[in-house]
>>> print(open('work21.txt').read())   # compact mmCIF, C-alpha atoms
# COMPACT_ATOMS: atom_id res chain seq x y z
CA MET A 1 26.27 57.90 19.53
CA SER A 2 22.85 57.03 20.78
CA ASN A 3 20.08 59.59 20.79
CA PHE A 4 19.73 59.03 24.55
CA LEU A 5 23.34 60.07 25.25
CA TYR A 6 22.98 63.07 22.97
CA LEU A 7 19.83 64.24 24.78
CA LEU A 8 21.18 63.44 28.26
CA ILE A 9 24.77 64.73 28.02
CA VAL A 10 25.92 66.19 24.70
CA TYR A 11 23.13 68.67 23.94
CA PRO A 12 22.89 69.88 27.55
CA LEU A 13 26.65 70.58 27.50
CA ILE A 14 26.39 72.47 24.21
CA TYR A 15 23.39 74.38 25.54
CA ILE A 16 24.89 75.49 28.88
CA PHE A 17 28.53 75.99 27.89
CA PRO A 18 28.18 79.72 27.04
CA ALA A 19 26.78 80.32 30.54
CA TYR A 20 29.61 78.37 32.16
CA VAL A 21 32.22 80.34 30.22
CA ALA A 22 30.48 83.65 30.92
CA ASN A 23 30.38 82.78 34.62
CA GLY A 24 34.04 81.77 34.84
CA ALA A 25 35.71 84.36 32.63
CA PRO A 26 35.59 87.22 35.17
CA VAL A 27 37.77 85.19 37.54
CA ILE A 28 40.48 85.09 34.87
CA PHE A 29 40.02 88.45 33.14
CA GLY A 30 38.33 90.57 35.82
CA GLY A 31 39.73 93.18 38.14
CA GLY A 32 39.92 96.92 37.90
CA MET A 33 37.11 99.37 38.43
CA PRO A 34 34.18 98.06 40.50
CA LEU A 35 30.92 97.91 38.58
CA ASP A 36 29.14 99.81 41.35
CA LEU A 37 31.86 102.52 41.32
CA ASN A 38 32.19 101.95 45.10
CA LYS A 39 28.73 103.46 45.62
CA LYS A 40 26.69 102.34 48.60
CA ILE A 41 23.06 101.93 49.59
CA ARG A 42 22.43 102.58 53.27
CA GLY A 43 26.13 102.24 53.98
CA LYS A 44 26.52 98.88 52.20
CA PRO A 45 28.18 98.34 48.81
CA ILE A 46 25.79 97.77 45.92
CA PHE A 47 27.69 94.74 44.56
CA GLY A 48 31.14 94.96 46.13
CA SER A 49 34.62 95.42 44.76
CA HIS A 50 34.83 91.90 43.26
CA LYS A 51 32.24 92.72 40.61
CA THR A 52 34.13 94.78 38.06
CA VAL A 53 33.48 96.42 34.70
CA ARG A 54 36.27 94.39 33.10
CA GLY A 55 34.92 91.16 34.60
CA LEU A 56 31.42 91.84 33.32
CA VAL A 57 32.62 92.73 29.82
CA ALA A 58 34.99 89.74 29.72
CA GLY A 59 32.24 87.40 30.90
CA LEU A 60 29.70 88.62 28.38
CA LEU A 61 32.13 88.65 25.45
CA SER A 62 33.45 85.19 26.33
CA GLY A 63 29.95 83.76 26.50
CA PHE A 64 28.95 85.44 23.24
CA ILE A 65 32.06 84.11 21.46
CA ILE A 66 31.45 80.57 22.69
CA ALA A 67 27.81 80.79 21.58
CA TYR A 68 28.90 81.95 18.12
CA LEU A 69 31.51 79.19 17.81
CA GLU A 70 29.03 76.54 18.91
CA SER A 71 26.44 77.76 16.42
CA VAL A 72 28.98 77.41 13.60
CA ILE A 73 30.73 74.21 14.72
CA PHE A 74 27.58 72.27 15.60
CA GLY A 75 25.38 73.78 12.89
CA LEU A 76 22.84 75.02 15.43
CA PRO A 77 22.14 78.64 14.46
CA TYR A 78 19.63 79.12 17.29
CA ILE A 79 22.39 78.45 19.86
CA LEU A 80 23.85 81.90 19.16
CA ALA A 81 20.77 83.74 20.48
CA ILE A 82 20.32 81.25 23.32
CA GLY A 83 23.98 81.58 24.31
CA ILE A 84 23.76 85.36 24.32
CA LEU A 85 20.72 85.26 26.61
CA LEU A 86 22.31 82.59 28.81
CA SER A 87 25.41 84.80 29.19
CA ILE A 88 23.38 87.89 30.06
CA GLY A 89 21.22 85.92 32.49
CA THR A 90 24.33 84.47 34.10
CA HIS A 91 25.62 87.92 34.95
CA VAL A 92 22.26 89.30 36.03
CA GLY A 93 21.93 86.34 38.40
CA ASP A 94 25.45 86.72 39.72
CA LEU A 95 25.01 90.46 40.30
CA PHE A 96 21.62 89.88 41.92
CA GLY A 97 23.24 87.37 44.27
CA SER A 98 25.98 89.85 45.19
CA PHE A 99 23.38 92.57 45.69
CA LEU A 100 21.39 90.31 48.05
CA LYS A 101 24.50 89.26 49.96
CA ARG A 102 25.53 92.90 50.47
CA ARG A 103 22.01 93.76 51.69
CA MET A 104 22.26 90.91 54.21
CA GLY A 105 25.59 92.28 55.39
CA THR A 106 27.56 89.32 54.07
CA LYS A 107 31.16 90.26 53.38
CA GLU A 108 32.73 89.62 49.98
CA GLY A 109 34.23 86.16 49.64
CA VAL A 110 31.92 84.56 52.22
CA SER A 111 30.34 81.40 50.84
CA MET A 112 26.57 81.04 50.53
CA PRO A 113 26.54 77.70 48.68
CA ILE A 114 23.09 77.52 47.09
CA MET A 115 23.17 81.18 46.02
CA ASP A 116 26.79 81.02 44.84
CA ILE A 117 26.34 77.80 42.88
CA TYR A 118 22.87 78.00 41.40
CA LEU A 119 21.59 81.59 41.19
CA PHE A 120 23.54 82.32 37.99
CA LEU A 121 22.16 79.12 36.48
CA LEU A 122 18.57 79.92 37.43
CA PHE A 123 18.78 83.38 35.84
CA ALA A 124 20.51 81.97 32.75
CA PHE A 125 17.66 79.49 32.26
CA VAL A 126 15.01 82.16 32.83
CA PHE A 127 16.59 84.52 30.29
CA ALA A 128 16.97 81.82 27.61
CA PHE A 129 13.64 80.08 28.27
CA PRO A 130 11.57 82.19 25.83
CA LEU A 131 13.69 80.96 22.91
CA GLY A 132 12.88 77.32 23.61
CA ASN A 133 15.18 74.49 22.53
CA LEU A 134 15.74 73.57 26.17
CA PRO A 135 17.42 70.29 27.03
CA THR A 136 15.14 67.47 28.17
CA TRP A 137 14.24 67.25 31.87
CA TYR A 138 16.98 64.64 32.25
CA GLY A 139 19.38 66.95 30.48
CA MET A 140 18.42 69.80 32.82
CA LEU A 141 18.98 67.54 35.82
CA PHE A 142 22.39 66.63 34.38
CA ILE A 143 23.24 70.35 34.08
CA ILE A 144 22.17 71.02 37.68
CA ILE A 145 24.29 68.15 39.04
CA LEU A 146 27.23 69.04 36.80
CA THR A 147 27.07 72.68 37.90
CA GLY A 148 27.44 71.67 41.55
CA VAL A 149 30.42 69.44 40.78
CA LEU A 150 32.10 71.95 38.46
CA HIS A 151 31.58 74.81 40.91
CA LYS A 152 33.58 73.02 43.58
CA GLY A 153 36.30 71.83 41.21
CA THR A 154 36.80 75.06 39.29
CA ASN A 155 36.85 77.18 42.43
CA ILE A 156 39.50 74.98 44.04
CA ALA A 157 41.54 75.12 40.82
CA ALA A 158 41.21 78.93 40.65
CA TYR A 159 42.29 79.16 44.29
CA LEU A 160 45.33 76.94 43.68
CA MET A 161 46.28 79.07 40.66
CA LYS A 162 45.92 82.16 42.88
CA LEU A 163 43.08 83.55 40.76
CA LYS A 164 40.79 83.55 43.81
CA LYS A 165 41.51 84.29 47.47
CA VAL A 166 39.14 81.59 48.76
CA PRO A 167 38.54 78.02 47.50
CA TRP A 168 34.75 78.43 47.08
>>> encode(input="work21.txt", output="structure tokens")
Amino acid sequence: MSNFLYLLIVYPLIYIFPAYVANGAPVIFGGGMPLDLNKKIRGKPIFGSHKTVRGLVAGLLSGFIIAYLESVIFGLPYILAIGILLSIGTHVGDLFGSFLKRRMGTKEGVSMPIMDIYLFLLFAFVFAFPLGNLPTWYGMLFIIILTGVLHKGTNIAAYLMKLKKVPW
């Protein structure tokens, strides 16, 4: 494999995969008690009922496990710490997005494309940035484009499998 393909596609996929898994796991394993315990701020939910304790724990653990496996399989020990921070950042970004949407009065399940697709990714990058080892700029662009494509595809698949009530 050429170094160009590794830097453009392979390493970016290895790098971001813990965040992708952490972001998707709550759809499969979530449910149960809302993270905000149904508390409200000025009459509006803090996060909403779709953000649950089980979903958060499942997302974090899934991301951590993937990061560990990648560090062992690919012989990249630094990926473990990066993957942990990516997973945490993913959930902070997702919760921040839900918090903002509730403040704006947006009901749960309503699509806000840029926020829904990219806020988790932005926070994941910000959390992992201090550890370095980022993909190249081309690799980052690949991740951004791939995230948009995967978001649409995985949400439609989750909807068809009745894991989500809406296809976005």
>>> closest_atom_pairs(input="work21.txt", of="region 18-45 of chain A", to="region 99-109 of chain A", cutoff="12 Å", atoms="only C-alpha atoms", output="JSON lines")
{"residue": "A:Leu35", "atom": "CA", "partner": "A:Phe99", "partner_atom": "CA", "distance": 11.7}
{"residue": "A:Asp36", "atom": "CA", "partner": "A:Phe99", "partner_atom": "CA", "distance": 10.2}
{"residue": "A:Lys40", "atom": "CA", "partner": "A:Arg102", "partner_atom": "CA", "distance": 9.7}
{"residue": "A:Ile41", "atom": "CA", "partner": "A:Arg103", "partner_atom": "CA", "distance": 8.5}
{"residue": "A:Arg42", "atom": "CA", "partner": "A:Arg103", "partner_atom": "CA", "distance": 9.0}
{"residue": "A:Gly43", "atom": "CA", "partner": "A:Arg103", "partner_atom": "CA", "distance": 9.7}
{"residue": "A:Lys44", "atom": "CA", "partner": "A:Arg102", "partner_atom": "CA", "distance": 6.3}
{"residue": "A:Pro45", "atom": "CA", "partner": "A:Arg102", "partner_atom": "CA", "distance": 6.3}
>>> residues_around(input="work21.txt", residues="Leu76 (chain A)", least_positions_apart="6", cutoff="10 Å", atoms="all atoms listed in the file", output="CSV table (one decimal) with C-alpha atoms, in the coordinates of the input")
chain,number,residue,atom,x,y,z
A,14,ILE,CA,26.4,72.5,24.2
A,67,ALA,CA,27.8,80.8,21.6
A,68,TYR,CA,28.9,82.0,18.1
A,69,LEU,CA,31.5,79.2,17.8
A,70,GLU,CA,29.0,76.5,18.9
>>> residues_around(input="work21.txt", residues="Ile65 (chain A)", least_positions_apart="3", cutoff="12 Å", atoms="all atoms listed in the file", output="PyMOL selection string")
chain A and resi 17-19+21-22+25+58-62+68-72+79-81+83-84+87
>>> closest_atom_pairs(input="work21.txt", of="region 47-135 of chain A", to="region 3-13 of chain A", cutoff="10 Å", atoms="all atoms listed in the file", output="CSV")
residue,atom,partner,partner_atom,distance
A:Asn133,CA,A:Tyr11,CA,10.0
A:Leu134,CA,A:Pro12,CA,8.2
A:Pro135,CA,A:Pro12,CA,5.5
>>> write_last_selection(input="work21.txt", atoms="C-alpha atoms", output="PDB file, in the frame of the given file")
ATOM      1  CA  ASN A 133      15.180  74.490  22.530  1.00  0.00           C
ATOM      2  CA  LEU A 134      15.740  73.570  26.170  1.00  0.00           C
ATOM      3  CA  PRO A 135      17.420  70.290  27.030  1.00  0.00           C
TER       4      PRO A 135
END
>>> residues_around(input="work21.txt", residues="Ile144 (chain A)", least_positions_apart="5", cutoff="9 Å", atoms="all atoms listed in the file", output="PyMOL selection string")
chain A and resi 118+121+139+149
>>> atom_distance(input="work21.txt", atom1="CA of His151 (chain A)", atom2="CA of Ile117 (chain A)")
6.3 Å
>>> atom_distance(input="work21.txt", atom1="CA of Thr147 (chain A)", atom2="CA of Ser49 (chain A)")
24.9 Å
>>> closest_residue(input="work21.txt", among="A:Leu146, A:Ala124, A:Leu160, A:Ile73", to="Ile88 (chain A)", atoms="all atoms listed in the file")
A:Ala124
>>> atom_distance(input="work21.txt", atom1="CA of Leu85 (chain A)", atom2="CA of Met140 (chain A)")
16.8 Å
>>> closest_residue(input="work21.txt", among="A:Thr136, A:Asn38, A:Thr52, A:Asn155", to="Gly24 (chain A)", atoms="all atoms listed in the file")
A:Asn155
>>> residues_around(input="work21.txt", residues="Pro26 (chain A)", least_positions_apart="3", cutoff="7 Å", atoms="only C-alpha atoms", output="list in words")
Asn23, Phe29, Gly30, Gly55, Leu56, Ala58 and Gly59 of chain A
>>> closest_residue(input="work21.txt", among="A:Lys51, A:His91, A:Lys152, A:Lys162", to="Leu37 (chain A)", atoms="all atoms listed in the file")
A:Lys51
>>> closest_residue(input="work21.txt", among="A:Pro130, A:Gly148, A:Gly63, A:Gly89", to="Met115 (chain A)", atoms="all atoms listed in the file")
A:Gly148
>>> closest_residue(input="work21.txt", among="A:Trp168, A:Ile82, A:Ile66, A:Thr154", to="Pro113 (chain A)", atoms="all atoms listed in the file")
A:Trp168
>>> closest_residue(input="work21.txt", among="A:Leu119, A:Val110, A:Leu131, A:Val27", to="Tyr78 (chain A)", atoms="all atoms listed in the file")
A:Leu131
>>> decode(input="work21.txt", residues="region 34-131 of chain A", atoms="C-alpha atoms", output="PDB file, in the first residue's frame")
ATOM      1  CA  PRO A  34     -32.715   9.760  30.826  1.00  0.00           C
ATOM      2  CA  LEU A  35     -29.336  11.269  31.601  1.00  0.00           C
ATOM      3  CA  ASP A  36     -30.972  14.499  32.732  1.00  0.00           C
ATOM      4  CA  LEU A  37     -33.353  12.558  35.036  1.00  0.00           C
ATOM      5  CA  ASN A  38     -36.229  14.422  33.303  1.00  0.00           C
ATOM      6  CA  LYS A  39     -35.084  17.674  34.931  1.00  0.00           C
ATOM      7  CA  LYS A  40     -35.808  20.942  33.165  1.00  0.00           C
ATOM      8  CA  ILE A  41     -34.330  24.402  32.843  1.00  0.00           C
ATOM      9  CA  ARG A  42     -36.948  27.111  32.405  1.00  0.00           C
ATOM     10  CA  GLY A  43     -39.518  24.493  31.486  1.00  0.00           C
ATOM     11  CA  LYS A  44     -37.376  22.813  28.807  1.00  0.00           C
ATOM     12  CA  PRO A  45     -35.610  19.455  29.161  1.00  0.00           C
ATOM     13  CA  ILE A  46     -31.869  19.655  29.745  1.00  0.00           C
ATOM     14  CA  PHE A  47     -31.011  17.030  27.098  1.00  0.00           C
ATOM     15  CA  GLY A  48     -34.262  15.167  26.477  1.00  0.00           C
ATOM     16  CA  SER A  49     -35.381  11.608  26.975  1.00  0.00           C
ATOM     17  CA  HIS A  50     -33.298  10.215  24.085  1.00  0.00           C
ATOM     18  CA  LYS A  51     -30.042  10.856  25.934  1.00  0.00           C
ATOM     19  CA  THR A  52     -29.838   8.055  28.471  1.00  0.00           C
ATOM     20  CA  VAL A  53     -27.428   6.803  31.108  1.00  0.00           C
ATOM     21  CA  ARG A  54     -27.211   3.411  29.397  1.00  0.00           C
ATOM     22  CA  GLY A  55     -26.576   5.057  26.012  1.00  0.00           C
ATOM     23  CA  LEU A  56     -23.787   7.211  27.407  1.00  0.00           C
ATOM     24  CA  VAL A  57     -22.114   4.296  29.198  1.00  0.00           C
ATOM     25  CA  ALA A  58     -22.492   2.026  26.153  1.00  0.00           C
ATOM     26  CA  GLY A  59     -21.076   4.699  23.863  1.00  0.00           C
ATOM     27  CA  LEU A  60     -18.076   5.414  26.036  1.00  0.00           C
ATOM     28  CA  LEU A  61     -17.275   1.758  26.720  1.00  0.00           C
ATOM     29  CA  SER A  62     -17.649   0.849  23.040  1.00  0.00           C
ATOM     30  CA  GLY A  63     -15.313   3.644  21.983  1.00  0.00           C
ATOM     31  CA  PHE A  64     -12.783   2.723  24.675  1.00  0.00           C
ATOM     32  CA  ILE A  65     -12.837  -0.952  23.641  1.00  0.00           C
ATOM     33  CA  ILE A  66     -12.323  -0.100  19.973  1.00  0.00           C
ATOM     34  CA  ALA A  67      -9.447   2.218  20.893  1.00  0.00           C
ATOM     35  CA  TYR A  68      -7.821  -0.551  22.932  1.00  0.00           C
ATOM     36  CA  LEU A  69      -8.250  -3.120  20.150  1.00  0.00           C
ATOM     37  CA  GLU A  70      -6.832  -0.733  17.561  1.00  0.00           C
ATOM     38  CA  SER A  71      -3.824   0.041  19.742  1.00  0.00           C
ATOM     39  CA  VAL A  72      -3.065  -3.682  20.007  1.00  0.00           C
ATOM     40  CA  ILE A  73      -3.942  -4.769  16.458  1.00  0.00           C
ATOM     41  CA  PHE A  74      -2.188  -1.903  14.677  1.00  0.00           C
ATOM     42  CA  GLY A  75       0.673  -1.543  17.155  1.00  0.00           C
ATOM     43  CA  LEU A  76      -0.156   2.104  17.809  1.00  0.00           C
ATOM     44  CA  PRO A  77      -0.125   2.471  21.611  1.00  0.00           C
ATOM     45  CA  TYR A  78      -0.955   6.191  21.459  1.00  0.00           C
ATOM     46  CA  ILE A  79      -4.292   5.382  19.757  1.00  0.00           C
ATOM     47  CA  LEU A  80      -5.669   4.135  23.087  1.00  0.00           C
ATOM     48  CA  ALA A  81      -5.444   7.572  24.744  1.00  0.00           C
ATOM     49  CA  ILE A  82      -6.566   9.340  21.562  1.00  0.00           C
ATOM     50  CA  GLY A  83      -9.528   6.981  21.197  1.00  0.00           C
ATOM     51  CA  ILE A  84     -10.571   7.546  24.799  1.00  0.00           C
ATOM     52  CA  LEU A  85     -10.509  11.321  24.314  1.00  0.00           C
ATOM     53  CA  LEU A  86     -12.279  11.044  20.952  1.00  0.00           C
ATOM     54  CA  SER A  87     -15.030   8.975  22.610  1.00  0.00           C
ATOM     55  CA  ILE A  88     -15.459  11.428  25.478  1.00  0.00           C
ATOM     56  CA  GLY A  89     -15.439  14.387  23.093  1.00  0.00           C
ATOM     57  CA  THR A  90     -18.023  12.662  20.908  1.00  0.00           C
ATOM     58  CA  HIS A  91     -20.468  12.453  23.788  1.00  0.00           C
ATOM     59  CA  VAL A  92     -19.754  15.934  25.109  1.00  0.00           C
ATOM     60  CA  GLY A  93     -20.446  17.284  21.614  1.00  0.00           C
ATOM     61  CA  ASP A  94     -23.606  15.234  21.212  1.00  0.00           C
ATOM     62  CA  LEU A  95     -24.925  16.299  24.619  1.00  0.00           C
ATOM     63  CA  PHE A  96     -24.016  19.925  23.927  1.00  0.00           C
ATOM     64  CA  GLY A  97     -25.961  19.725  20.668  1.00  0.00           C
ATOM     65  CA  SER A  98     -28.997  18.286  22.455  1.00  0.00           C
ATOM     66  CA  PHE A  99     -28.708  20.955  25.140  1.00  0.00           C
ATOM     67  CA  LEU A 100     -28.642  23.703  22.488  1.00  0.00           C
ATOM     68  CA  LYS A 101     -31.562  22.194  20.595  1.00  0.00           C
ATOM     69  CA  ARG A 102     -33.661  22.018  23.778  1.00  0.00           C
ATOM     70  CA  ARG A 103     -32.810  25.662  24.573  1.00  0.00           C
ATOM     71  CA  MET A 104     -33.986  26.635  21.087  1.00  0.00           C
ATOM     72  CA  GLY A 105     -37.224  24.764  21.680  1.00  0.00           C
ATOM     73  CA  THR A 106     -36.460  22.103  19.079  1.00  0.00           C
ATOM     74  CA  LYS A 107     -38.317  18.887  19.818  1.00  0.00           C
ATOM     75  CA  GLU A 108     -36.451  15.583  20.084  1.00  0.00           C
ATOM     76  CA  GLY A 109     -36.014  13.827  16.761  1.00  0.00           C
ATOM     77  CA  VAL A 110     -36.128  17.033  14.697  1.00  0.00           C
ATOM     78  CA  SER A 111     -33.211  17.199  12.285  1.00  0.00           C
ATOM     79  CA  MET A 112     -30.683  20.026  12.424  1.00  0.00           C
ATOM     80  CA  PRO A 113     -28.247  18.646   9.823  1.00  0.00           C
ATOM     81  CA  ILE A 114     -24.987  20.500  10.493  1.00  0.00           C
ATOM     82  CA  MET A 115     -25.347  20.183  14.272  1.00  0.00           C
ATOM     83  CA  ASP A 116     -26.501  16.555  14.114  1.00  0.00           C
ATOM     84  CA  ILE A 117     -23.781  15.457  11.712  1.00  0.00           C
ATOM     85  CA  TYR A 118     -20.712  17.426  12.707  1.00  0.00           C
ATOM     86  CA  LEU A 119     -20.907  18.695  16.297  1.00  0.00           C
ATOM     87  CA  PHE A 120     -19.843  15.336  17.774  1.00  0.00           C
ATOM     88  CA  LEU A 121     -16.924  15.258  15.340  1.00  0.00           C
ATOM     89  CA  LEU A 122     -15.806  18.792  16.176  1.00  0.00           C
ATOM     90  CA  PHE A 123     -15.787  18.050  19.912  1.00  0.00           C
ATOM     91  CA  ALA A 124     -14.021  14.716  19.344  1.00  0.00           C
ATOM     92  CA  PHE A 125     -11.237  16.495  17.434  1.00  0.00           C
ATOM     93  CA  VAL A 126     -10.957  19.236  20.060  1.00  0.00           C
ATOM     94  CA  PHE A 127     -10.673  16.723  22.913  1.00  0.00           C
ATOM     95  CA  ALA A 128      -8.042  14.588  21.133  1.00  0.00           C
ATOM     96  CA  PHE A 129      -6.075  17.491  19.620  1.00  0.00           C
ATOM     97  CA  PRO A 130      -3.684  17.960  22.580  1.00  0.00           C
ATOM     98  CA  LEU A 131      -2.324  14.432  22.085  1.00  0.00           C
TER      99      LEU A 131
END
